[in-house]
Structures are given as structure tokens and as C-alpha cells.
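To be precise, the following lines are target19.cif, and they hold mmCIF, C-alpha atoms.
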```cif
data_coords
loop_
_atom_site.label_atom_id
_atom_site.label_comp_id
_atom_site.auth_asym_id
_atom_site.auth_seq_id
_atom_site.Cartn_x
_atom_site.Cartn_y
_atom_site.Cartn_z
CA MET A 252 217.30 178.75 200.68
CA LYS A 253 213.93 179.07 198.91
CA MET A 254 212.19 178.65 202.25
CA LEU A 255 214.23 181.55 203.70
CA PHE A 256 213.27 183.85 200.80
CA LYS A 257 209.60 182.88 201.14
CA THR A 258 209.67 183.54 204.88
CA VAL A 259 211.41 186.89 204.52
CA GLY A 260 209.05 187.84 201.67
CA ALA A 261 206.01 186.91 203.76
CA ILE A 262 207.30 189.00 206.67
CA LEU A 263 207.89 192.00 204.40
CA VAL A 264 204.41 191.71 202.86
CA ALA A 265 202.89 191.47 206.34
CA LEU A 266 204.79 194.60 207.44
CA VAL A 267 203.62 196.54 204.39
CA VAL A 268 200.01 195.48 205.00
CA LEU A 269 200.35 196.46 208.67
CA LEU A 270 201.76 199.90 207.78
CA VAL A 271 198.96 200.50 205.25
CA ALA A 272 196.36 199.51 207.86
CA LEU A 273 197.96 201.77 210.47
CA ARG A 274 198.08 204.64 207.96
CA ILE A 275 194.36 204.26 207.38
CA ILE A 276 193.40 204.16 211.06
CA GLY A 277 195.98 206.74 212.14
CA LEU A 278 196.92 205.75 215.69
CA ASP A 279 196.83 209.00 217.64
CA PRO A 280 199.03 209.08 220.74
CA ASN A 281 197.58 208.84 224.25
CA ASP A 282 198.89 210.67 227.31
CA ARG A 283 201.98 208.50 227.75
CA THR A 284 201.85 206.29 224.66
CA PRO A 285 203.26 207.56 221.35
CA GLY A 286 201.33 207.06 218.15
CA LEU A 287 201.87 207.25 214.41
CA TRP A 288 199.86 209.35 211.92
CA LEU A 289 197.58 212.08 213.21
CA ARG A 290 194.13 212.30 211.66
CA GLY A 291 191.84 215.30 211.47
CA ASN A 292 190.89 218.26 209.30
CA LEU A 293 193.90 220.00 207.76
CA VAL A 294 193.84 223.78 208.23
CA THR A 295 195.63 225.55 205.39
CA ALA A 296 194.68 229.13 206.28
CA PRO A 297 197.32 231.15 208.11
CA VAL A 298 196.91 231.50 211.87
CA THR A 299 197.83 234.98 213.08
CA ASP A 300 196.79 234.57 216.72
CA TRP A 301 197.23 231.30 218.58
CA SER A 302 195.69 232.57 221.83
CA PHE A 303 192.75 230.19 221.27
CA THR A 304 195.11 227.47 222.51
CA ASP A 305 194.93 228.98 226.01
CA LYS A 306 191.81 226.82 226.41
CA VAL A 307 193.59 223.71 225.08
CA ASP A 308 195.39 221.59 227.68
CA THR A 309 197.65 219.56 225.39
CA VAL A 310 198.38 219.18 221.70
CA LYS A 311 199.61 216.28 219.63
CA VAL A 312 202.75 216.68 217.54
CA GLN A 313 203.76 214.36 214.71
CA THR A 314 207.41 214.16 213.70
CA ARG A 315 209.28 211.81 211.39
CA ASP A 316 211.81 209.32 212.72
CA ILE A 317 215.10 208.52 211.06
CA LEU A 318 213.38 206.00 208.73
CA GLY A 319 210.74 208.54 207.71
CA LEU A 320 207.97 206.89 209.75
CA PRO A 321 205.67 209.15 211.76
CA HIS A 322 206.10 209.43 215.52
CA SER A 323 203.43 211.39 217.38
CA VAL A 324 203.23 212.39 221.03
CA THR A 325 201.15 214.53 223.35
CA THR A 326 202.80 217.65 224.76
CA TYR A 327 202.05 221.04 226.31
CA CYS A 328 201.46 224.22 224.34
CA VAL A 329 201.76 227.84 225.39
CA ALA A 330 200.64 230.99 223.61
CA TYR A 331 202.80 234.07 224.05
CA ASN A 332 202.21 237.35 222.17
CA GLY A 333 199.80 235.52 219.87
CA GLN A 334 202.50 233.00 218.89
CA LEU A 335 202.43 229.29 219.71
CA TYR A 336 205.17 227.41 221.56
CA LEU A 337 205.64 223.76 222.53
CA THR A 338 207.62 222.71 225.57
CA SER A 339 209.43 219.60 226.71
CA VAL A 340 210.62 219.35 230.33
CA TYR A 341 213.70 217.38 231.34
CA PRO A 342 214.34 216.66 235.02
CA PRO A 343 217.76 217.49 236.45
CA ARG A 344 220.65 215.46 235.00
CA ALA A 345 218.48 214.08 232.16
CA PRO A 346 219.67 214.31 228.53
CA GLN A 347 218.62 217.59 226.98
CA TYR A 348 217.84 218.78 223.46
CA PRO A 349 218.38 217.16 221.08
CA ASN A 350 219.56 214.02 222.86
CA GLY A 351 216.52 213.45 225.05
CA ARG A 352 213.03 212.53 223.98
CA ARG A 353 212.60 210.93 220.60
CA TRP A 354 210.32 213.66 219.29
CA ASN A 355 212.94 216.28 220.25
CA GLN A 356 215.58 214.29 218.38
CA ASN A 357 213.28 214.07 215.35
CA VAL A 358 212.70 217.84 215.41
CA ALA A 359 216.46 218.49 215.59
CA ARG A 360 216.87 216.42 212.42
CA ASP A 361 213.72 217.63 210.61
CA PRO A 362 211.78 220.57 212.10
CA HIS A 363 208.67 220.02 209.92
CA VAL A 364 205.81 218.73 212.05
CA ARG A 365 202.07 218.21 212.01
CA LEU A 366 200.14 219.51 215.02
CA LYS A 367 196.71 218.35 216.11
CA ILE A 368 194.85 220.94 218.13
CA ALA A 369 191.19 220.33 219.02
CA GLY A 370 190.72 217.96 216.08
CA GLN A 371 192.35 220.31 213.55
CA LEU A 372 195.69 219.58 211.84
CA TYR A 373 198.35 222.22 211.17
CA ASP A 374 201.50 221.58 209.15
CA ARG A 375 204.20 223.78 210.68
CA THR A 376 207.90 224.11 211.44
CA LEU A 377 209.39 224.12 214.94
CA VAL A 378 212.25 226.46 215.75
CA TYR A 379 214.28 225.83 218.90
CA VAL A 380 214.19 228.99 221.04
CA THR A 381 217.61 230.11 222.27
CA ASP A 382 216.83 233.75 223.19
CA PRO A 383 216.87 233.86 227.02
CA GLN A 384 214.19 236.56 227.30
CA GLU A 385 211.80 234.80 224.93
CA ARG A 386 212.40 231.46 226.71
CA ALA A 387 211.78 233.03 230.12
CA ALA A 388 208.54 234.68 228.97
CA VAL A 389 207.22 231.43 227.47
CA ILE A 390 208.16 229.45 230.59
CA GLN A 391 206.45 232.08 232.75
CA ASN A 392 203.28 231.79 230.62
CA LYS A 393 203.51 228.01 230.92
CA ALA A 394 203.61 228.28 234.73
CA LYS A 395 200.45 230.42 234.62
CA LYS A 396 198.64 228.06 232.27
CA TYR A 397 199.63 224.88 234.12
CA PRO A 398 199.81 225.88 237.81
CA LYS A 399 199.49 222.26 238.99
CA GLN A 400 202.48 221.07 236.97
CA LYS A 401 205.43 220.80 239.33
CA ILE A 402 208.84 221.26 237.73
CA ALA A 403 211.78 220.17 239.87
CA PRO A 404 214.48 222.75 240.55
CA GLY A 405 217.32 222.33 238.08
CA SER A 406 215.02 220.97 235.35
CA TYR A 407 215.60 222.06 231.77
CA ILE A 408 212.72 223.13 229.56
CA ASN A 409 213.04 222.94 225.79
CA VAL A 410 211.01 225.63 224.07
CA PHE A 411 210.01 225.35 220.42
CA HIS A 412 208.41 228.21 218.48
CA VAL A 413 205.74 227.11 215.99
CA VAL A 414 206.14 228.96 212.69
CA PRO A 415 204.55 228.53 209.24
CA ASN A 416 206.33 226.05 206.98
CA ASP A 417 207.37 228.76 204.55
CA GLN A 418 209.04 230.85 207.26
CA ARG A 419 212.78 230.29 207.67
CA ALA A 420 214.33 229.81 211.06
CA PRO A 421 216.49 232.77 212.11
CA ASP A 422 220.21 232.42 211.28
#
```

Using C-alpha cells, write down the structure that the file contains.
Amino acid sequence: MKMLFKTVGAILVALVVLLVALRIIGLDPNDRTPGLWLRGNLVTAPVTDWSFTDKVDTVKVQTRDILGLPHSVTTYCVAYNGQLYLTSVYPPRAPQYPNGRRWNQNVARDPHVRLKIAGQLYDRTLVYVTDPQERAAVIQNKAKKYPKQKIAPGSYINVFHVVPNDQRAPD
């Protein structure tokens, strides 16, 4: 029994050391590989016009999983009317929001995220866009920004509006 406690204790200590090491180094996501903590310079000033992201191909978004651990991925961003939006495309017959991608599930549970755009970090809140006109306009801007991205007919595109953390989602 003592041996079991020593083994379990050693495993727990090793996991804690590993998490501390990963927290220090960050582990940004790659194109198809998720990461953990995002590292960069935190921007605390308000952003009133996100159109500078028109020159940015992808952004990194950090969410928190059900255990509170960070989960970061690379995704597409679209500016529309000076506001920033993130999108997530699901092919036909794939699970949709919030039951699809892990980062979408995390946002459904906790909409507070950290974005990394061109080396800068922004703590924001994501609001799922349900207004059909707003969704259509963002998707149209996405098609203009990413003309080479082919989206299969019948695909579903999740659209998330990026808002400041102190701004409430509409009721």
C-alpha cells in the first residue's frame, strides 16, 4: 500500500512539474495542432477598429477546458464594420455549435478567451452570432478575405463576435 501511495504521489508531482514547465514555455498552437497557454504582450487599451486584422491570415484563440486548463487553437478572423469576428466551419452533417470542435465547446461553457494577433494578446469575450443578417455579412467578408478557402455546400459556419470583457452579451 505504501508503494502505491509513493507511486501515485510521484506521478502527481511529475504532472505538476510538467504543467509548471509548460506554463513557462507557453506552447502556442500550430496550424493543426492545439496548444496550451498563449504568450505575448498583453494589450489592455480598448480597440475601436479591428480592420488591421484584414492583413492577418489567422489568429490564435485560447479557451479553458472543463478542468480549467488552457486549450489554444489557430482559426480565421474577419473584420466587419470595424468589429472582429472568429469563424469555425463545419462540413455537412458534422456536429455544430456547441457540440463540435473542442474550442467551440469551451466557448459555449465560458466565453472568456485570450486572442493572439500578430504577437499581441487580447483578453476578450466571444458572443455567438445568431442574427442572420450579421452572420451573412461576416461570412461574405470571410469569402472576400479568404478566396482560396473552399467551403462545401451545406457546411455550417459558426460566427463569434469578439467583444470587450466588460461588455455583456445581448439577452

Exercise for the section: List, as a PyMOL selection string, every residue that the PyMOL selection byres ((chain A and resi 412) around 12) selects in the file provided. Expected result: chain A and resi 301+328-339+358+362-364+375-382+385-386+389+409-411+413-416+418-421

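Using all atoms listed in the file, the shortest contact distance between Leu287 (chain A) and any of A:Ser323, A:Thr258, A:Asn392, A:Gln371 is found at A:Ser323.
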
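Residue selection for this entry, given the PyMOL selection byres ((chain A and resi 395-407) around 10), comprises Asp305, Lys306, Val307, Asp308, Tyr327, Cys328, Val329, Ala330, Ser339, Val340, Tyr341, Pro342, Pro343, Arg344, Ala345, Pro346, Gln347, Tyr348, Val389, Ile390, Gln391, Asn392, Lys393, Ala394, Ile408, Asn409 and Val410 of chain A.
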
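The residue that comes closest to Gly370 (chain A), out of A:Arg315, A:Lys253, A:Arg290, A:Arg353 and on the basis of all atoms listed in the file, is A:Arg290.
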
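Using only C-alpha atoms, the shortest contact distance between Tyr373 (chain A) and any of A:Ala388, A:Val298, A:Ala359, A:Leu320 is found at A:Val298.
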
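Residues matched by the PyMOL selection byres ((chain A and resi 291) around 12) in this file: Ile276, Gly277, Leu278, Asp279, Trp288, Leu289, Arg290, Asn292, Leu293, Val294, Lys311, Arg365, Leu366, Lys367, Ile368, Ala369, Gly370, Gln371, Leu372, Tyr373 and Asp374 of chain A.
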
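Between CA of Gly286 (chain A) and CA of Gln313 (chain A) the separation is 8.4 Å.
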
Problem - Straight-line distance linking CA of Trp354 (chain A) with CA of Pro321 (chain A), stated in Å to one decimal - result: 9.9 Å
